[in-house]
file coords-v1.txt (compact mmCIF, C-alpha atoms)
# COMPACT_ATOMS: atom_id res chain seq x y z
CA GLN A 131 62.21 82.96 73.84
CA VAL A 132 63.49 83.60 77.36
CA GLN A 133 63.37 87.20 78.48
CA LEU A 134 64.19 89.19 81.59
CA VAL A 135 62.03 92.19 82.41
CA GLU A 136 62.96 94.60 85.19
CA SER A 137 60.55 96.89 86.98
CA GLY A 138 60.38 99.01 90.09
CA GLY A 139 62.78 101.81 89.30
CA GLY A 140 61.99 105.44 89.91
CA LEU A 141 62.90 108.62 91.72
CA VAL A 142 63.48 108.51 95.46
CA GLN A 143 65.00 110.82 98.02
CA ALA A 144 68.25 109.97 99.72
CA GLY A 145 67.64 107.61 102.61
CA GLY A 146 64.64 106.08 100.90
CA SER A 147 64.00 102.59 99.59
CA LEU A 148 63.06 100.89 96.36
CA ARG A 149 62.51 97.29 95.39
CA LEU A 150 63.41 96.20 91.90
CA SER A 151 61.94 93.09 90.34
CA CYS A 152 63.21 91.01 87.45
CA ALA A 153 60.72 88.58 85.96
CA ALA A 154 61.98 85.75 83.78
CA SER A 155 60.03 83.84 81.19
CA GLY A 156 60.77 80.18 80.55
CA ARG A 157 60.91 77.11 82.74
CA THR A 158 64.56 76.93 83.73
CA PHE A 159 64.86 80.00 85.95
CA SER A 160 65.91 78.01 89.00
CA SER A 161 68.83 76.50 87.07
CA TYR A 162 70.69 79.79 86.94
CA ARG A 163 72.48 82.12 89.27
CA MET A 164 71.20 85.63 88.80
CA GLY A 165 73.01 88.91 89.10
CA TRP A 166 72.14 92.57 89.46
CA PHE A 167 74.29 95.19 87.81
CA ARG A 168 74.19 98.95 87.51
CA GLN A 169 75.70 101.54 85.25
CA ALA A 170 75.84 105.24 85.92
CA PRO A 171 76.54 107.80 83.18
CA GLY A 172 80.22 107.89 82.35
CA LYS A 173 81.03 104.95 84.60
CA GLU A 174 81.73 101.29 84.04
CA ARG A 175 79.09 98.72 84.73
CA GLU A 176 79.24 97.45 88.30
CA ASN A 177 78.19 94.07 89.62
CA VAL A 178 75.93 94.93 92.56
CA GLY A 179 75.29 91.39 93.68
CA VAL A 180 74.62 87.78 92.80
CA ILE A 181 72.26 85.14 94.15
CA SER A 182 72.65 81.37 93.95
CA ARG A 183 70.20 79.07 92.22
CA SER A 184 68.38 78.21 95.43
CA GLY A 185 68.65 81.68 96.89
CA GLY A 186 70.61 80.39 99.85
CA SER A 187 73.80 82.23 98.98
CA THR A 188 74.38 85.83 98.00
CA TYR A 189 77.28 88.10 97.16
CA TYR A 190 77.30 91.90 97.38
CA ALA A 191 79.64 94.61 96.23
CA ASP A 192 81.20 96.54 99.08
CA SER A 193 79.45 99.68 97.87
CA VAL A 194 76.01 98.25 98.68
CA LYS A 195 76.71 95.70 101.40
CA GLY A 196 74.38 96.14 104.35
CA ARG A 197 71.96 98.29 102.34
CA PHE A 198 70.89 96.08 99.44
CA THR A 199 69.37 92.60 99.59
CA ILE A 200 68.93 90.17 96.72
CA SER A 201 66.27 87.49 96.90
CA ARG A 202 64.46 85.24 94.48
CA ASP A 203 61.21 83.33 94.15
CA ASN A 204 61.72 80.31 91.91
CA VAL A 205 57.98 79.66 91.77
CA LYS A 206 57.33 83.14 90.39
CA ASN A 207 60.52 83.11 88.30
CA THR A 208 61.46 86.46 89.78
CA VAL A 209 64.56 87.91 91.38
CA TYR A 210 64.40 91.00 93.57
CA LEU A 211 66.75 93.75 94.66
CA GLN A 212 65.67 95.51 97.84
CA MET A 213 67.53 98.79 98.14
CA ASN A 214 67.50 100.65 101.45
CA SER A 215 69.28 103.76 102.69
CA LEU A 216 69.71 104.91 99.13
CA LYS A 217 72.38 107.47 98.31
CA PRO A 218 72.72 109.83 95.35
CA GLU A 219 75.67 107.73 94.18
CA ASP A 220 73.29 104.78 93.75
CA THR A 221 71.74 106.61 90.79
CA ALA A 222 72.13 104.38 87.74
CA VAL A 223 70.37 102.10 85.33
CA TYR A 224 69.96 98.75 87.02
CA TYR A 225 70.00 95.49 85.10
CA CYS A 226 69.36 91.90 86.02
CA ALA A 227 71.22 89.17 84.20
CA ARG A 228 71.36 85.41 84.01
CA GLU A 229 74.67 83.63 84.61
CA ASP A 230 75.20 80.56 82.48
CA GLN A 231 77.05 77.41 83.52
CA THR A 232 80.40 78.85 82.42
CA GLY A 233 80.06 82.02 84.47
CA ILE A 234 79.08 84.22 81.57
CA TYR A 235 76.08 86.51 81.87
CA ASP A 236 74.30 85.48 78.72
CA LEU A 237 70.89 87.11 79.09
CA TRP A 238 70.14 90.66 80.19
CA GLY A 239 67.07 92.67 80.95
CA GLN A 240 66.36 96.04 79.42
CA GLY A 241 67.28 97.97 82.55
CA THR A 242 65.35 100.22 84.91
CA GLN A 243 66.38 103.72 85.97
CA VAL A 244 66.93 104.50 89.62
CA THR A 245 67.46 108.13 90.54
CA VAL A 246 68.26 109.19 94.09
CA SER A 247 67.94 112.87 94.87
CA SER A 248 69.90 114.58 97.60
call {"tool": "encode", "arguments": {"input": "coords-v1.txt", "output": "C-alpha cells"}}
result
Amino acid sequence: QVQLVESGGGLVQAGGSLRLSCAASGRTFSSYRMGWFRQAPGKERENVGVISRSGGSTYYADSVKGRFTISRDNVKNTVYLQMNSLKPEDTAVYYCAREDQTGIYDLWGQGTQVTVSS
C-alpha cells in the first residue's frame, strides 16, 4: 500500500528555517506531480506549491513565493519543502499529497505541525 509520510515540522522563531520531507512508499513516485498544502486553525486548506514529475517545474502560492522551495529526489522517493524567512502566519499543519493523472490529489500524508513564534 502506497503511503506518504511527512517529517521535519517543529517550533521555530520568526525568520528561521525548516525543511519538511515527505517520503513515499511504492515504485511509481516519479510518475506523479506532488503538492504541499497547509491548514491553519479556522482557515481553509491552502495549496502552498506543486512540483512536476521530473522536478523541473514548480508552482508557488503568492504567500510563500521567494521564501519556500519545493524539490524532489526520485531516487529516494522523497519530496521536500524548504521554508525560509518563516513568519507567524506560516503556522499550520503541512501536508504533502500526490496528484493523479486527472488533477485530483488522491493520496495524502498525515501532516506535520509547523509553529512559528514571534
call {"tool": "residues_around", "arguments": {"input": "coords-v1.txt", "residues": "range 226-230 of chain A", "least_positions_apart": "5", "cutoff": "9 Å", "atoms": "only C-alpha atoms", "output": "list in words"}}
result
Leu134, Val135, Glu136, Ser151, Cys152, Phe159, Ser161, Tyr162, Arg163, Met164, Gly165, Trp166, Phe167, Arg168, Val209, Tyr235, Asp236, Leu237, Trp238, Gly239, Gln240 and Gly241 of chain A
call {"tool": "closest_residue", "arguments": {"input": "coords-v1.txt", "among": "A:Asp192, A:Asp220, A:Asp203, A:Glu174", "to": "Gly146 in chain A", "atoms": "only C-alpha atoms"}}
result
A:Asp220
call {"tool": "residues_around", "arguments": {"input": "coords-v1.txt", "residues": "Ser187 in chain A", "least_positions_apart": "5", "cutoff": "10 Å", "atoms": "only C-alpha atoms", "output": "PyMOL selection string"}}
result
chain A and resi 163+180-182+200-201
call {"tool": "residues_around", "arguments": {"input": "coords-v1.txt", "residues": "Gly139 in chain A", "least_positions_apart": "6", "cutoff": "7 Å", "atoms": "only C-alpha atoms", "output": "list in words"}}
result
Leu150, Thr242, Gln243 and Val244 of chain A
call {"tool": "closest_residue", "arguments": {"input": "coords-v1.txt", "among": "A:Leu216, A:Leu148, A:Gln169, A:Thr208", "to": "Lys195 in chain A", "atoms": "all atoms listed in the file"}}
result
A:Leu216
call {"tool": "atom_distance", "arguments": {"input": "coords-v1.txt", "atom1": "CA of Pro171 in chain A", "atom2": "CA of Phe198 in chain A"}}
result
20.8 Å
call {"tool": "atom_distance", "arguments": {"input": "coords-v1.txt", "atom1": "CA of Gln231 in chain A", "atom2": "CA of Ser184 in chain A"}}
result
14.8 Å
call {"tool": "closest_residue", "arguments": {"input": "coords-v1.txt", "among": "A:Thr188, A:Ser137, A:Asn207, A:Asn214", "to": "Gly156 in chain A", "atoms": "only C-alpha atoms"}}
result
A:Asn207
